[in-house]
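*Asks:* Pasting model_10.pdb below, which is PDB, C-alpha atoms.
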```
ATOM      1  CA  MET F   1     -23.596  -1.232  -4.788  1.00  0.00           C
ATOM      2  CA  ALA F   2     -21.541  -2.383  -1.813  1.00  0.00           C
ATOM      3  CA  LEU F   3     -18.188  -3.947  -1.154  1.00  0.00           C
ATOM      4  CA  SER F   4     -18.103  -7.709  -0.873  1.00  0.00           C
ATOM      5  CA  GLU F   5     -16.805  -9.332   2.291  1.00  0.00           C
ATOM      6  CA  ALA F   6     -13.610 -10.333   0.440  1.00  0.00           C
ATOM      7  CA  GLU F   7     -13.089  -6.716  -0.677  1.00  0.00           C
ATOM      8  CA  TYR F   8     -13.650  -5.549   2.893  1.00  0.00           C
ATOM      9  CA  HIS F   9     -10.843  -7.843   4.049  1.00  0.00           C
ATOM     10  CA  HIS F  10      -8.546  -6.049   1.552  1.00  0.00           C
ATOM     11  CA  TYR F  11      -9.729  -2.734   3.020  1.00  0.00           C
ATOM     12  CA  ILE F  12      -8.861  -3.950   6.543  1.00  0.00           C
ATOM     13  CA  ASP F  13      -5.456  -5.168   5.332  1.00  0.00           C
ATOM     14  CA  ALA F  14      -4.745  -1.717   3.849  1.00  0.00           C
ATOM     15  CA  PHE F  15      -5.869  -0.024   7.073  1.00  0.00           C
ATOM     16  CA  ASN F  16      -3.715  -2.262   9.260  1.00  0.00           C
ATOM     17  CA  ALA F  17      -0.728  -1.627   6.961  1.00  0.00           C
ATOM     18  CA  ARG F  18      -1.323   2.188   7.149  1.00  0.00           C
ATOM     19  CA  ASP F  19      -1.640   2.153   3.358  1.00  0.00           C
ATOM     20  CA  TYR F  20      -3.670   5.368   3.158  1.00  0.00           C
ATOM     21  CA  ALA F  21      -3.290   5.661  -0.629  1.00  0.00           C
ATOM     22  CA  THR F  22      -5.052   2.312  -1.094  1.00  0.00           C
ATOM     23  CA  LEU F  23      -7.680   3.146   1.538  1.00  0.00           C
ATOM     24  CA  GLU F  24      -8.555   6.363  -0.258  1.00  0.00           C
ATOM     25  CA  THR F  25      -9.438   4.417  -3.409  1.00  0.00           C
ATOM     26  CA  TYR F  26     -12.444   3.092  -1.482  1.00  0.00           C
ATOM     27  CA  PHE F  27     -13.772   6.599  -0.662  1.00  0.00           C
ATOM     28  CA  THR F  28     -15.597   9.346  -2.502  1.00  0.00           C
ATOM     29  CA  ASP F  29     -13.592  12.595  -2.470  1.00  0.00           C
ATOM     30  CA  ASP F  30     -15.916  14.170   0.100  1.00  0.00           C
ATOM     31  CA  PHE F  31     -16.709  11.109   2.224  1.00  0.00           C
ATOM     32  CA  ILE F  32     -17.622  11.618   5.877  1.00  0.00           C
ATOM     33  CA  LEU F  33     -16.370   9.697   8.908  1.00  0.00           C
ATOM     34  CA  GLU F  34     -18.358  10.114  12.134  1.00  0.00           C
ATOM     35  CA  ASN F  35     -17.448   8.473  15.402  1.00  0.00           C
ATOM     36  CA  ALA F  36     -17.340   9.293  19.126  1.00  0.00           C
ATOM     37  CA  GLY F  37     -18.842  12.751  18.720  1.00  0.00           C
ATOM     38  CA  PHE F  38     -16.587  14.029  15.945  1.00  0.00           C
ATOM     39  CA  LYS F  39     -16.817  14.318  12.175  1.00  0.00           C
ATOM     40  CA  ILE F  40     -14.144  14.481   9.501  1.00  0.00           C
ATOM     41  CA  GLN F  41     -14.837  15.056   5.821  1.00  0.00           C
ATOM     42  CA  GLY F  42     -12.720  14.330   2.786  1.00  0.00           C
ATOM     43  CA  LYS F  43      -9.472  12.583   2.110  1.00  0.00           C
ATOM     44  CA  SER F  44      -7.189  15.374   3.392  1.00  0.00           C
ATOM     45  CA  GLU F  45      -8.969  15.497   6.775  1.00  0.00           C
ATOM     46  CA  PHE F  46      -8.842  11.683   6.858  1.00  0.00           C
ATOM     47  CA  ARG F  47      -5.048  11.706   6.417  1.00  0.00           C
ATOM     48  CA  ALA F  48      -4.579  14.468   9.013  1.00  0.00           C
ATOM     49  CA  PHE F  49      -6.815  12.646  11.509  1.00  0.00           C
ATOM     50  CA  TYR F  50      -4.919   9.377  11.228  1.00  0.00           C
ATOM     51  CA  ALA F  51      -1.498  11.060  11.100  1.00  0.00           C
ATOM     52  CA  PHE F  52      -2.344  12.556  14.503  1.00  0.00           C
ATOM     53  CA  PHE F  53      -3.745   9.377  16.054  1.00  0.00           C
ATOM     54  CA  HIS F  54      -1.203   6.956  14.657  1.00  0.00           C
ATOM     55  CA  ASP F  55       1.539   9.099  16.160  1.00  0.00           C
ATOM     56  CA  TYR F  56       0.176   8.050  19.575  1.00  0.00           C
ATOM     57  CA  PHE F  57      -0.837   4.422  19.081  1.00  0.00           C
ATOM     58  CA  LYS F  58      -0.779   1.429  16.807  1.00  0.00           C
ATOM     59  CA  GLU F  59      -4.318   0.658  15.655  1.00  0.00           C
ATOM     60  CA  THR F  60      -5.273  -2.793  14.410  1.00  0.00           C
ATOM     61  CA  VAL F  61      -8.687  -3.785  13.050  1.00  0.00           C
ATOM     62  CA  ILE F  62      -9.716  -7.384  13.858  1.00  0.00           C
ATOM     63  CA  PHE F  63     -12.579  -8.718  11.733  1.00  0.00           C
ATOM     64  CA  ARG F  64     -15.603 -10.258  13.499  1.00  0.00           C
ATOM     65  CA  GLY F  65     -18.483 -10.071  11.021  1.00  0.00           C
ATOM     66  CA  PHE F  66     -19.848  -8.603   7.791  1.00  0.00           C
ATOM     67  CA  TYR F  67     -23.518  -7.791   7.200  1.00  0.00           C
ATOM     68  CA  PRO F  68     -24.489  -6.550   3.700  1.00  0.00           C
ATOM     69  CA  GLY F  69     -27.440  -4.246   3.171  1.00  0.00           C
ATOM     70  CA  THR F  70     -29.156  -2.396   0.357  1.00  0.00           C
ATOM     71  CA  GLU F  71     -27.144   0.869   0.590  1.00  0.00           C
ATOM     72  CA  GLY F  72     -23.926  -0.494   2.035  1.00  0.00           C
ATOM     73  CA  PHE F  73     -22.948  -2.819   4.845  1.00  0.00           C
ATOM     74  CA  VAL F  74     -22.228  -3.081   8.555  1.00  0.00           C
ATOM     75  CA  ALA F  75     -18.990  -4.524   9.857  1.00  0.00           C
ATOM     76  CA  ASN F  76     -18.459  -5.850  13.357  1.00  0.00           C
ATOM     77  CA  VAL F  77     -14.819  -5.386  14.314  1.00  0.00           C
ATOM     78  CA  THR F  78     -12.617  -5.160  17.350  1.00  0.00           C
ATOM     79  CA  ILE F  79     -10.144  -2.326  17.171  1.00  0.00           C
ATOM     80  CA  ARG F  80      -6.980  -2.750  19.207  1.00  0.00           C
ATOM     81  CA  PHE F  81      -5.221   0.431  20.320  1.00  0.00           C
ATOM     82  CA  GLU F  82      -1.637  -0.071  21.546  1.00  0.00           C
ATOM     83  CA  GLY F  83      -0.182   3.061  23.134  1.00  0.00           C
ATOM     84  CA  MET F  84       3.176   4.318  21.894  1.00  0.00           C
ATOM     85  CA  LYS F  85       2.850   7.739  23.593  1.00  0.00           C
ATOM     86  CA  ASP F  86       0.381   8.959  26.210  1.00  0.00           C
ATOM     87  CA  LEU F  87      -2.828  10.122  24.542  1.00  0.00           C
ATOM     88  CA  THR F  88      -4.506  11.929  27.420  1.00  0.00           C
ATOM     89  CA  PRO F  89      -8.039  13.288  27.796  1.00  0.00           C
ATOM     90  CA  GLU F  90      -6.524  16.792  27.654  1.00  0.00           C
ATOM     91  CA  ILE F  91      -4.837  16.159  24.289  1.00  0.00           C
ATOM     92  CA  LEU F  92      -8.024  14.632  22.912  1.00  0.00           C
ATOM     93  CA  ALA F  93     -10.129  17.585  24.088  1.00  0.00           C
ATOM     94  CA  GLU F  94      -7.643  20.108  22.663  1.00  0.00           C
ATOM     95  CA  LYS F  95      -7.865  18.439  19.232  1.00  0.00           C
ATOM     96  CA  GLY F  96     -11.681  18.210  19.372  1.00  0.00           C
ATOM     97  CA  PHE F  97     -11.837  14.453  19.975  1.00  0.00           C
ATOM     98  CA  ALA F  98     -12.994  14.403  23.610  1.00  0.00           C
ATOM     99  CA  GLY F  99     -15.290  11.411  22.934  1.00  0.00           C
ATOM    100  CA  MET F 100     -12.365   9.160  22.031  1.00  0.00           C
ATOM    101  CA  THR F 101     -10.818   6.713  24.505  1.00  0.00           C
ATOM    102  CA  PRO F 102      -7.501   7.879  26.036  1.00  0.00           C
ATOM    103  CA  VAL F 103      -4.669   5.373  25.584  1.00  0.00           C
ATOM    104  CA  GLY F 104      -1.522   5.495  27.684  1.00  0.00           C
ATOM    105  CA  LYS F 105       1.953   4.518  26.556  1.00  0.00           C
ATOM    106  CA  GLY F 106       2.288   0.750  26.912  1.00  0.00           C
ATOM    107  CA  ASP F 107      -1.479   0.241  27.295  1.00  0.00           C
ATOM    108  CA  CYS F 108      -3.513  -2.049  25.061  1.00  0.00           C
ATOM    109  CA  VAL F 109      -7.221  -1.331  24.699  1.00  0.00           C
ATOM    110  CA  ASP F 110      -9.630  -3.479  22.659  1.00  0.00           C
ATOM    111  CA  LEU F 111     -12.969  -1.896  21.696  1.00  0.00           C
ATOM    112  CA  GLU F 112     -15.741  -3.612  19.764  1.00  0.00           C
ATOM    113  CA  PHE F 113     -17.333  -1.515  16.999  1.00  0.00           C
ATOM    114  CA  LEU F 114     -20.297  -1.768  14.688  1.00  0.00           C
ATOM    115  CA  ILE F 115     -19.448   0.348  11.660  1.00  0.00           C
ATOM    116  CA  LEU F 116     -21.994   1.379   9.034  1.00  0.00           C
ATOM    117  CA  TYR F 117     -20.510   1.979   5.580  1.00  0.00           C
ATOM    118  CA  VAL F 118     -22.892   3.818   3.232  1.00  0.00           C
ATOM    119  CA  MET F 119     -21.977   3.482  -0.449  1.00  0.00           C
ATOM    120  CA  ASN F 120     -22.639   5.605  -3.520  1.00  0.00           C
ATOM    121  CA  ASP F 121     -23.920   4.198  -6.825  1.00  0.00           C
ATOM    122  CA  ALA F 122     -20.346   3.671  -8.084  1.00  0.00           C
ATOM    123  CA  GLY F 123     -19.522   1.410  -5.109  1.00  0.00           C
ATOM    124  CA  LEU F 124     -17.431   3.942  -3.175  1.00  0.00           C
ATOM    125  CA  ILE F 125     -17.802   4.676   0.528  1.00  0.00           C
ATOM    126  CA  ARG F 126     -19.507   8.037   1.046  1.00  0.00           C
ATOM    127  CA  HIS F 127     -20.241   7.845   4.790  1.00  0.00           C
ATOM    128  CA  ILE F 128     -18.800   5.871   7.701  1.00  0.00           C
ATOM    129  CA  LYS F 129     -20.612   5.846  11.041  1.00  0.00           C
ATOM    130  CA  GLY F 130     -18.973   4.074  13.962  1.00  0.00           C
ATOM    131  CA  ALA F 131     -20.647   2.863  17.145  1.00  0.00           C
ATOM    132  CA  VAL F 132     -18.705   1.457  20.090  1.00  0.00           C
ATOM    133  CA  TRP F 133     -20.237  -1.370  22.054  1.00  0.00           C
ATOM    134  CA  VAL F 134     -19.600  -0.993  25.781  1.00  0.00           C
ATOM    135  CA  PRO F 135     -20.264  -4.132  27.815  1.00  0.00           C
ATOM    136  CA  ALA F 136     -22.320  -3.929  30.986  1.00  0.00           C
ATOM    137  CA  PRO F 137     -20.268  -4.006  34.198  1.00  0.00           C
TER
END
```
Write the structure described by the file as structure tokens, please.

*Replies:*
Amino acid sequence: MALSEAEYHHYIDAFNARDYATLETYFTDDFILENAGFKIQGKSEFRAFYAFFHDYFKETVIFRGFYPGTEGFVANVTIRFEGMKDLTPEILAEKGFAGMTPVGKGDCVDLEFLILYVMNDAGLIRHIKGAVWVPAP
């Protein structure tokens, strides 16, 4: 069972509003998020991860496409990172997130993602795998 496109828009709205309590209703208790060479597991790690990152930048998900599958769906989104404080490569490496994109204070970085959401039988997200598309020079 997967989320519908309309339900995914509600998920994006909750994410953009930093409504973590609503977001967590979409996840299994031990869900996994993998992206840019790191992995977090469970709702408490999810909150800690975003508490850290959202202290440095405003993150906005911009919907581009929704592609349902048999075990979940893929979303094509642009994620806009607007720097509020300097998030340097050194800070990222120290926290174990060296694969993430540094964002300086006042900078605005848009990255296109394909995100695979794998669902459980009850329709909850059990695994999120993000892939960043990097355009050719």

*Asks:* Spell out the residues picked by the PyMOL selection byres ((chain F and resi 54) around 12) here, as a list in words.

*Replies:*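 Selection result, ordered by chain and number: Phe15, Asn16, Ala17, Arg18, Tyr20, Phe46, Arg47, Ala48, Phe49, Tyr50, Ala51, Phe52, Phe53, Asp55, Tyr56, Phe57, Lys58, Glu59, Thr60, Phe81, Glu82, Gly83, Met84, Lys85, Asp86, Leu87 and Val103 of chain F.
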
*Asks:* Please evaluate the PyMOL selection byres ((chain F and resi 109) around 7) against the structure above and give the resulting residues as a list of chain:residue names.

*Replies:* F:Arg80, F:Phe81, F:Glu82, F:Asp107, F:Cys108, F:Asp110, F:Leu111

*Asks:* Residues within 7 Å of region 116-129 of chain F, please, as a ChimeraX atom specification. Count only C-alpha atoms; anything in the same chain fewer than 3 positions from it doesn't count.

*Replies:* /F:1-3,26-28,31-35,71-75

*Asks:* Nearest residue to Leu92 (chain F) out of F:Ala36, F:Thr22, F:Asp13, F:Gln41, using all atoms listed in the file?

*Replies:*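 When distances to Leu92 (chain F) are compared using all atoms listed in the file, the smallest one comes from F:Ala36.
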
*Asks:* Go ahead and compute the interatomic distance for CA of Val61 (chain F) and CA of Glu5 (chain F), in Å to one decimal.

*Replies:*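 About the pair CA of Val61 (chain F) and CA of Glu5 (chain F): they are 14.6 Å apart.
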
*Asks:* What is the distance, in Å and to one decimal place, between CA of Phe63 (chain F) and CA of Val132 (chain F)?

*Replies:*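 Taking CA of Phe63 (chain F) and CA of Val132 (chain F), their separation equals 14.5 Å.
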
*Asks:* Between F:Lys105, F:Gly99, F:Ser44, F:Glu112, which residue has the minimum interatomic distance to Arg64 (chain F), considering all atoms listed in the file?

*Replies:* F:Glu112

*Asks:* How many Å lie between CA of Lys43 (chain F) and CA of Glu24 (chain F), rounded to one decimal?

*Replies:*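 Answer for the CA of Lys43 (chain F) to CA of Glu24 (chain F) separation: 6.7 Å.
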
*Asks:* Around region 41-60 of chain F, with edges along x, y and z and 6 Å added on all six sides, what centre and edge lengths do you get, in Å to one decimal, as JSON?

*Replies:*
```
{"center_x": -6.6, "center_y": 6.4, "center_z": 10.8, "size_x": 28.4, "size_y": 30.3, "size_z": 29.5}
```
